[in-house]
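Following: one structure in structure tokens, then a few remarks.
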Amino acid sequence: MDAPIQAVSLTRKPGGPLAPTAPFGLERARTAQRFHASFPQYAPTPLASLNRLAAHLGVAAIHVKDESRRFSLNAFKVLGGSYAIGRYIARELGLVPEDLTFSLLTSPHVRDRLGQLTFATATDGNHGRGVAWTAAQLGHRSVVRMPKGSSPERLANIRALGADASVTDLNYDDTVRLVQQQAQEQGWVVIQDTAWEGYWDIPAWIMEGYTTMALEAVRQLEDRPPTHLFLQAGVGAMAGSLAAFFADFYGQDRPKVVIVEPHRANCLFHTAQANDGQLHRVDGALDTIMAGLACGEPCSISWDILRDHADHFLSVPDYVAAQGMRVLGAPLPGDPQVISGESGAATLGLVTEVLRRKDLAPLKEALGLGKASRILCFSTEGDTDRENYRNILWDGLWPHPSK
């Protein structure tokens with residue numbers, strides 16, 4: 001049986017310098033959002049207001065950004081991959097980011113200048129699907145490698161977009177290294193949100209791309225700012241970019257930021273727990289139902305932000321994600337349904353556990369949750385593995401251990 005929910009909070013010296021947030025702040029988000037809006041398929045994803053659930057759990061509001069509606073790809077990841085590809089092409093052509101549009105990138109002028117490129121990535125599914133979709137939309141090729149145990153459905157979805165896609169016998173982080181090696185040999189362009197020595201720009205561009213959904217969310221919230229922001233994390237790229245955006249947007253009134261990871265891939269939790277200035281990795285199979293979060297090595301760009309702008313790091317067992325999927329998939333009467341996959345539902349599952357269970361009252365107090373709390377979560381994927389989704393909702397797979 002997995003360990004219970006674990007939490008660690010970072011202690012910082014007051015008045016010390018903080019990592020800058022502007023690189024992922026409002027102005028950068030506006031540029032990214034304008035780029036995404038230039039695609040014919042673009043529309044802001046819904047912000048679900050779970051008013052009945054909030055009243056039931058004793059808080060003021062719960063909002064969930066539903067990324068299952070993103071570009072008909074059932075996940076948010078395309079925001080990062082598409083923007084990074086656009087920024088790479090812009091750099092090759094000597095263009096500024098503000099000039100980037102779908103029509104420009106698909107113009108004969110760009111094809112004549114660059115020819116057909118090959119974009120390569122490692123993925124559990126959603127990121128690779130976004131890279132493959134973008135490459136196909138822009139007339140380029142894609143190569144996608146997936147870690148051992150990846151969902152056959154996710155592999156098929158990527159291949160359906162024309163990608164050269166296959167599953168390796170390696171874990172996620174070793175698959176990243178494999179793609180890096182193959183790209184060097186073949187002349188491919190790697191689109192990855194993991195940074196390493198000499199590879200900084202593209203991960204940062206991916207993180208900028210993610211801020212489109214944060215900008216959409218604050219526009220949808222209008223004058224109802226959140227007090228708590230729950231963010232799931234794999235390498236931490238999405239969590240870092242959104243933590244920076246909300247800190248930039250709200251300033252001193254920023255929400256408390258809570259990072260949520262699976263027990264078996266909790267590299268940020270271990271890094272925060274050690275708090276020794278080093279990044280800490282998790283090795284092995286990274287075996288969790290939250291496939292999109294099954295990453296063992298933190299993104300250094302993201303950690304620099306989370307170290308200074310996140311408040312709490314939580315490590316959770318798999319049943320928490322399954323609980324979130326069921327709560328969102330079978331809502332209280334009057335609340336909208338959100339179809340959320342294992343990685344997408346991890347944060348809402350954690351919220352419901354903390355607010356419902358008496359034995360977690362100390363954690364509830366530590367997080368500062370109460371009647372005035374306004375909670376924002378991001379459901380980062382829909383039912384990208386439909387068979388597993390049905391097994392969890394219909395058959396009760398991954399129940400609470402007390403059941």
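So you can find residues: chains in the structure tokens are A, B, ... in the order shown, residues in each start at 1, and ligands are numbered from 1 in order.
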Which of segment 253-374 of chain A end up as helix (DSSP H, G or I) when DSSP is run on this backbone - answer as an NGL selection string?
:A and (253 or 263-265 or 267-274 or 291-293 or 300-309 or 318-329 or 346-356 or 358-367)
Keeping only C-alpha atoms, take the residues you just selected and write them out as an mmCIF file, in the first residue's frame.
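What ended up in selection-v3.cif:
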data_model
loop_
_atom_site.group_PDB
_atom_site.id
_atom_site.type_symbol
_atom_site.label_atom_id
_atom_site.label_comp_id
_atom_site.auth_asym_id
_atom_site.auth_seq_id
_atom_site.Cartn_x
_atom_site.Cartn_y
_atom_site.Cartn_z
ATOM 1 C CA ASP A 253 -2.089 39.194 -3.419
ATOM 2 C CA HIS A 263 4.446 9.236 -4.576
ATOM 3 C CA ARG A 264 6.434 7.236 -7.101
ATOM 4 C CA ALA A 265 7.571 10.236 -9.169
ATOM 5 C CA CYS A 267 11.139 14.632 -7.529
ATOM 6 C CA LEU A 268 10.015 18.167 -6.628
ATOM 7 C CA PHE A 269 8.772 16.984 -3.240
ATOM 8 C CA HIS A 270 12.162 15.427 -2.505
ATOM 9 C CA THR A 271 13.950 18.539 -3.749
ATOM 10 C CA ALA A 272 11.831 20.746 -1.482
ATOM 11 C CA GLN A 273 12.233 18.340 1.436
ATOM 12 C CA ALA A 274 16.032 18.383 1.142
ATOM 13 C CA ALA A 291 1.325 8.828 -16.406
ATOM 14 C CA GLY A 292 1.627 12.500 -17.324
ATOM 15 C CA LEU A 293 3.357 13.153 -14.006
ATOM 16 C CA SER A 300 15.826 23.334 -13.362
ATOM 17 C CA ILE A 301 14.137 26.404 -14.871
ATOM 18 C CA SER A 302 10.912 25.506 -13.121
ATOM 19 C CA TRP A 303 12.525 24.665 -9.788
ATOM 20 C CA ASP A 304 14.097 28.116 -9.572
ATOM 21 C CA ILE A 305 10.569 29.539 -9.709
ATOM 22 C CA LEU A 306 8.874 27.006 -7.438
ATOM 23 C CA ARG A 307 11.602 27.368 -4.817
ATOM 24 C CA ASP A 308 10.598 31.013 -4.418
ATOM 25 C CA HIS A 309 6.921 31.117 -5.403
ATOM 26 C CA ASP A 318 -2.635 7.036 -6.757
ATOM 27 C CA TYR A 319 -6.082 6.680 -5.207
ATOM 28 C CA VAL A 320 -6.177 10.484 -4.783
ATOM 29 C CA ALA A 321 -6.161 10.970 -8.554
ATOM 30 C CA ALA A 322 -8.814 8.281 -9.008
ATOM 31 C CA GLN A 323 -10.946 10.027 -6.390
ATOM 32 C CA GLY A 324 -10.665 13.298 -8.285
ATOM 33 C CA MET A 325 -11.698 11.611 -11.531
ATOM 34 C CA ARG A 326 -14.837 10.237 -9.897
ATOM 35 C CA VAL A 327 -15.802 13.514 -8.221
ATOM 36 C CA LEU A 328 -15.413 15.444 -11.484
ATOM 37 C CA GLY A 329 -17.019 12.745 -13.616
ATOM 38 C CA ALA A 346 -4.847 14.787 -9.119
ATOM 39 C CA THR A 347 -5.286 18.255 -7.635
ATOM 40 C CA LEU A 348 -9.069 18.195 -7.270
ATOM 41 C CA GLY A 349 -8.771 14.735 -5.736
ATOM 42 C CA LEU A 350 -6.320 16.104 -3.200
ATOM 43 C CA VAL A 351 -8.614 19.048 -2.415
ATOM 44 C CA THR A 352 -11.591 16.773 -1.746
ATOM 45 C CA GLU A 353 -9.534 14.473 0.447
ATOM 46 C CA VAL A 354 -8.138 17.302 2.572
ATOM 47 C CA LEU A 355 -11.536 18.967 3.020
ATOM 48 C CA ARG A 356 -13.493 15.768 3.760
ATOM 49 C CA LYS A 358 -10.995 14.534 9.704
ATOM 50 C CA ASP A 359 -7.581 12.883 9.970
ATOM 51 C CA LEU A 360 -6.262 15.458 7.464
ATOM 52 C CA ALA A 361 -7.423 18.435 9.530
ATOM 53 C CA PRO A 362 -3.800 19.396 10.397
ATOM 54 C CA LEU A 363 -2.962 19.503 6.688
ATOM 55 C CA LYS A 364 -6.086 21.558 5.995
ATOM 56 C CA GLU A 365 -4.949 24.050 8.621
ATOM 57 C CA ALA A 366 -1.373 24.099 7.287
ATOM 58 C CA LEU A 367 -2.665 24.891 3.793
#
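When only C-alpha atoms are used to measure the gap to Val190 of chain A, the shortest distance among A:Arg69, A:His36, A:Arg159, A:Arg145 belongs to A:Arg145.
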Hey, which bits of segment 28-79 of chain A sit within 7 Å of segment 96-117 of chain A, and for each residue what's the closest pair of atoms and how far apart in Å (one decimal), counting only C-alpha atoms, rows by chain and increasing number, as a Markdown table?
| residue | atom | partner | partner_atom | distance |
| --- | --- | --- | --- | --- |
| A:Thr31 | CA | A:Glu98 | CA | 6.1 |
| A:Phe35 | CA | A:Thr101 | CA | 5.4 |
| A:Ser38 | CA | A:Phe102 | CA | 5.5 |
| A:Phe39 | CA | A:Phe102 | CA | 5.4 |
Residue neighbourhood segment 208-225 of chain A, 8 Å, only C-alpha atoms, exclusion window fewer than 6 positions, as a compact mmCIF listing (two decimals) with C-alpha atoms, in the first residue's frame:
# COMPACT_ATOMS: atom_id res chain seq x y z
CA PRO A 23 9.58 35.71 -18.19
CA PHE A 24 6.28 33.88 -17.64
CA GLY A 25 4.17 36.87 -16.63
CA LEU A 26 1.31 38.79 -18.17
CA ARG A 28 4.66 37.00 -22.25
CA ALA A 29 1.29 35.28 -21.75
CA ARG A 30 -0.41 37.81 -24.01
CA ALA A 32 1.64 33.31 -26.38
CA GLN A 33 -2.14 33.62 -26.33
CA HIS A 36 -2.47 30.28 -30.16
CA PRO A 44 -10.56 29.32 -24.76
CA THR A 45 -11.27 26.22 -22.69
CA LEU A 47 -13.64 27.30 -16.49
CA LYS A 65 -10.05 24.80 -15.90
CA PHE A 76 -3.26 21.21 -22.46
CA LYS A 77 0.17 20.05 -23.59
CA LEU A 79 0.04 24.87 -25.82
CA GLY A 80 3.69 24.38 -24.90
CA GLY A 81 4.79 22.25 -27.84
CA SER A 82 3.16 24.46 -30.46
CA TYR A 83 4.57 27.67 -29.03
CA ALA A 84 8.08 26.20 -28.76
CA MET A 238 3.60 23.73 -16.16
CA SER A 241 5.19 28.72 -15.43
CA LEU A 242 1.75 29.07 -13.84
CA PHE A 245 2.26 33.94 -13.99
CA PHE A 246 -0.02 34.18 -10.97
CA PRO A 255 -2.71 32.81 -4.24
CA ARG A 374 -11.37 30.23 -3.39
Write out as a Markdown table a residue-level contact list of segment 218-280 of chain A versus segment 50-59 of chain A with cut-off 12 Å: for each qualifying residue the closest pair of atoms and the distance in Å to one decimal, counting only C-alpha atoms, rows sorted by chain and residue number upward.
| residue | atom | partner | partner_atom | distance |
| --- | --- | --- | --- | --- |
| A:Pro226 | CA | A:Val59 | CA | 11.6 |
| A:Thr227 | CA | A:Val59 | CA | 10.8 |
| A:His228 | CA | A:Val59 | CA | 11.0 |
Since we have the selection now, will you write its residues out, keeping N, CA, C and O atoms, as a CSV table (one decimal), in the first residue's frame?
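In the end it all went to again_7.csv:
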chain,number,residue,atom,x,y,z
A,226,PRO,N,-8.3,33.8,-7.0
A,226,PRO,CA,-8.2,32.6,-6.1
A,226,PRO,C,-7.4,32.9,-4.9
A,226,PRO,O,-6.4,33.7,-5.0
A,227,THR,N,-7.6,32.2,-3.8
A,227,THR,CA,-6.8,32.3,-2.7
A,227,THR,C,-5.8,31.1,-2.7
A,227,THR,O,-4.7,31.2,-2.0
A,228,HIS,N,-6.1,30.0,-3.4
A,228,HIS,CA,-5.3,28.8,-3.4
A,228,HIS,C,-5.2,28.3,-4.9
A,228,HIS,O,-6.3,28.2,-5.6
Using only C-alpha atoms, can you tell me which of A:Ala345, A:Leu286, A:Ala183, A:Ile339 comes closest to Leu231 of chain A?
A:Ala345
Using only C-alpha atoms, find the one residue out of A:Ser9, A:Gln186, A:Gln41, A:Ser151 that sits nearest to Val258 of chain A.
A:Ser9
Counting only C-alpha atoms, the residue of A:Cys299, A:Ile202, A:Ala60, A:Leu397 that sits nearest Phe119 of chain A
A:Ile202
DSSP-assigned strand (DSSP E or B) among segment 16-155 of chain A, expressed as number ranges by chain
A: 47-49, 61-66, 75, 118-122, 141-146
Keeping only N, CA, C and O atoms, write those residues as a CSV table (one decimal), in the first residue's frame.
chain,number,residue,atom,x,y,z
A,47,LEU,N,-14.0,27.3,-17.9
A,47,LEU,CA,-13.6,27.3,-16.5
A,47,LEU,C,-14.9,26.8,-15.8
A,47,LEU,O,-15.9,27.6,-15.7
A,48,ALA,N,-14.8,25.6,-15.2
A,48,ALA,CA,-16.0,25.0,-14.6
A,48,ALA,C,-16.1,25.6,-13.1
A,48,ALA,O,-15.1,25.5,-12.4
A,49,SER,N,-17.2,26.1,-12.8
A,49,SER,CA,-17.5,26.6,-11.4
A,49,SER,C,-18.3,25.5,-10.7
A,49,SER,O,-19.4,25.2,-11.0
A,61,ALA,N,-15.4,28.9,-3.0
A,61,ALA,CA,-15.5,28.6,-4.4
A,61,ALA,C,-14.4,27.5,-4.8
A,61,ALA,O,-13.3,27.5,-4.3
A,62,ILE,N,-14.8,26.7,-5.8
A,62,ILE,CA,-13.9,25.8,-6.5
A,62,ILE,C,-14.1,26.0,-8.0
A,62,ILE,O,-15.2,25.8,-8.5
A,63,HIS,N,-13.0,26.3,-8.7
A,63,HIS,CA,-13.0,26.4,-10.1
A,63,HIS,C,-12.0,25.4,-10.7
A,63,HIS,O,-10.9,25.3,-10.2
A,64,VAL,N,-12.4,24.8,-11.8
A,64,VAL,CA,-11.6,23.9,-12.5
A,64,VAL,C,-11.5,24.2,-14.0
A,64,VAL,O,-12.5,24.3,-14.7
A,65,LYS,N,-10.3,24.5,-14.5
A,65,LYS,CA,-10.0,24.8,-15.9
A,65,LYS,C,-10.0,23.5,-16.7
A,65,LYS,O,-9.2,22.6,-16.4
A,66,ASP,N,-10.9,23.3,-17.6
A,66,ASP,CA,-11.2,22.1,-18.3
A,66,ASP,C,-10.4,22.0,-19.6
A,66,ASP,O,-10.8,22.4,-20.7
A,75,ALA,N,-6.1,17.6,-24.1
A,75,ALA,CA,-5.1,17.9,-23.1
A,75,ALA,C,-4.4,19.3,-23.4
A,75,ALA,O,-4.4,19.8,-24.5
A,118,THR,N,12.1,18.2,-38.9
A,118,THR,CA,11.6,17.1,-38.0
A,118,THR,C,11.7,17.5,-36.6
A,118,THR,O,12.8,17.8,-36.1
A,119,PHE,N,10.6,17.5,-35.9
A,119,PHE,CA,10.6,17.8,-34.5
A,119,PHE,C,10.4,16.5,-33.7
A,119,PHE,O,9.6,15.7,-34.0
A,120,ALA,N,11.3,16.3,-32.7
A,120,ALA,CA,11.3,15.0,-31.9
A,120,ALA,C,11.1,15.3,-30.4
A,120,ALA,O,11.5,16.3,-29.9
A,121,THR,N,10.5,14.3,-29.8
A,121,THR,CA,10.2,14.5,-28.4
A,121,THR,C,10.0,13.1,-27.7
A,121,THR,O,9.7,12.1,-28.3
A,122,ALA,N,10.2,13.1,-26.4
A,122,ALA,CA,9.8,12.0,-25.5
A,122,ALA,C,8.5,12.4,-24.8
A,122,ALA,O,8.3,13.6,-24.4
A,141,ARG,N,7.6,17.2,-40.1
A,141,ARG,CA,7.5,15.8,-39.6
A,141,ARG,C,7.7,15.8,-38.1
A,141,ARG,O,8.2,16.8,-37.5
A,142,SER,N,7.4,14.7,-37.5
A,142,SER,CA,7.6,14.5,-36.0
A,142,SER,C,8.0,13.1,-35.7
A,142,SER,O,7.6,12.1,-36.4
A,143,VAL,N,8.8,13.0,-34.7
A,143,VAL,CA,9.3,11.7,-34.2
A,143,VAL,C,9.0,11.7,-32.7
A,143,VAL,O,9.4,12.6,-32.0
A,144,VAL,N,8.3,10.7,-32.2
A,144,VAL,CA,7.9,10.6,-30.8
A,144,VAL,C,8.3,9.3,-30.2
A,144,VAL,O,8.0,8.2,-30.8
A,145,ARG,N,8.9,9.3,-29.1
A,145,ARG,CA,9.3,8.1,-28.3
A,145,ARG,C,8.6,8.1,-27.0
A,145,ARG,O,8.6,9.2,-26.3
A,146,MET,N,8.1,7.0,-26.6
A,146,MET,CA,7.3,6.9,-25.3
A,146,MET,C,7.9,5.9,-24.4
A,146,MET,O,8.6,4.9,-24.8
Could you check which of A:Asn391, A:Thr194, A:Thr134, A:Thr168 is closest to Phe71 of chain A, using only C-alpha atoms?
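Smallest distance to Phe71 of chain A is found for A:Thr134.
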Given only C-alpha atoms as the counted atoms, nearest of A:Glu381, A:Glu153, A:Glu261, A:Asp124 to Ala239 of chain A
A:Glu261
Do you have the atom CA of Gly130 of chain A-atom CA of Val257 of chain A distance handy?
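Distance reported for this atom pair: 26.6 Å.
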For atom CA of Pro399 of chain A and atom CA of Gln232 of chain A, determine how far apart the two atoms are, in Å to one decimal place.
20.2 Å
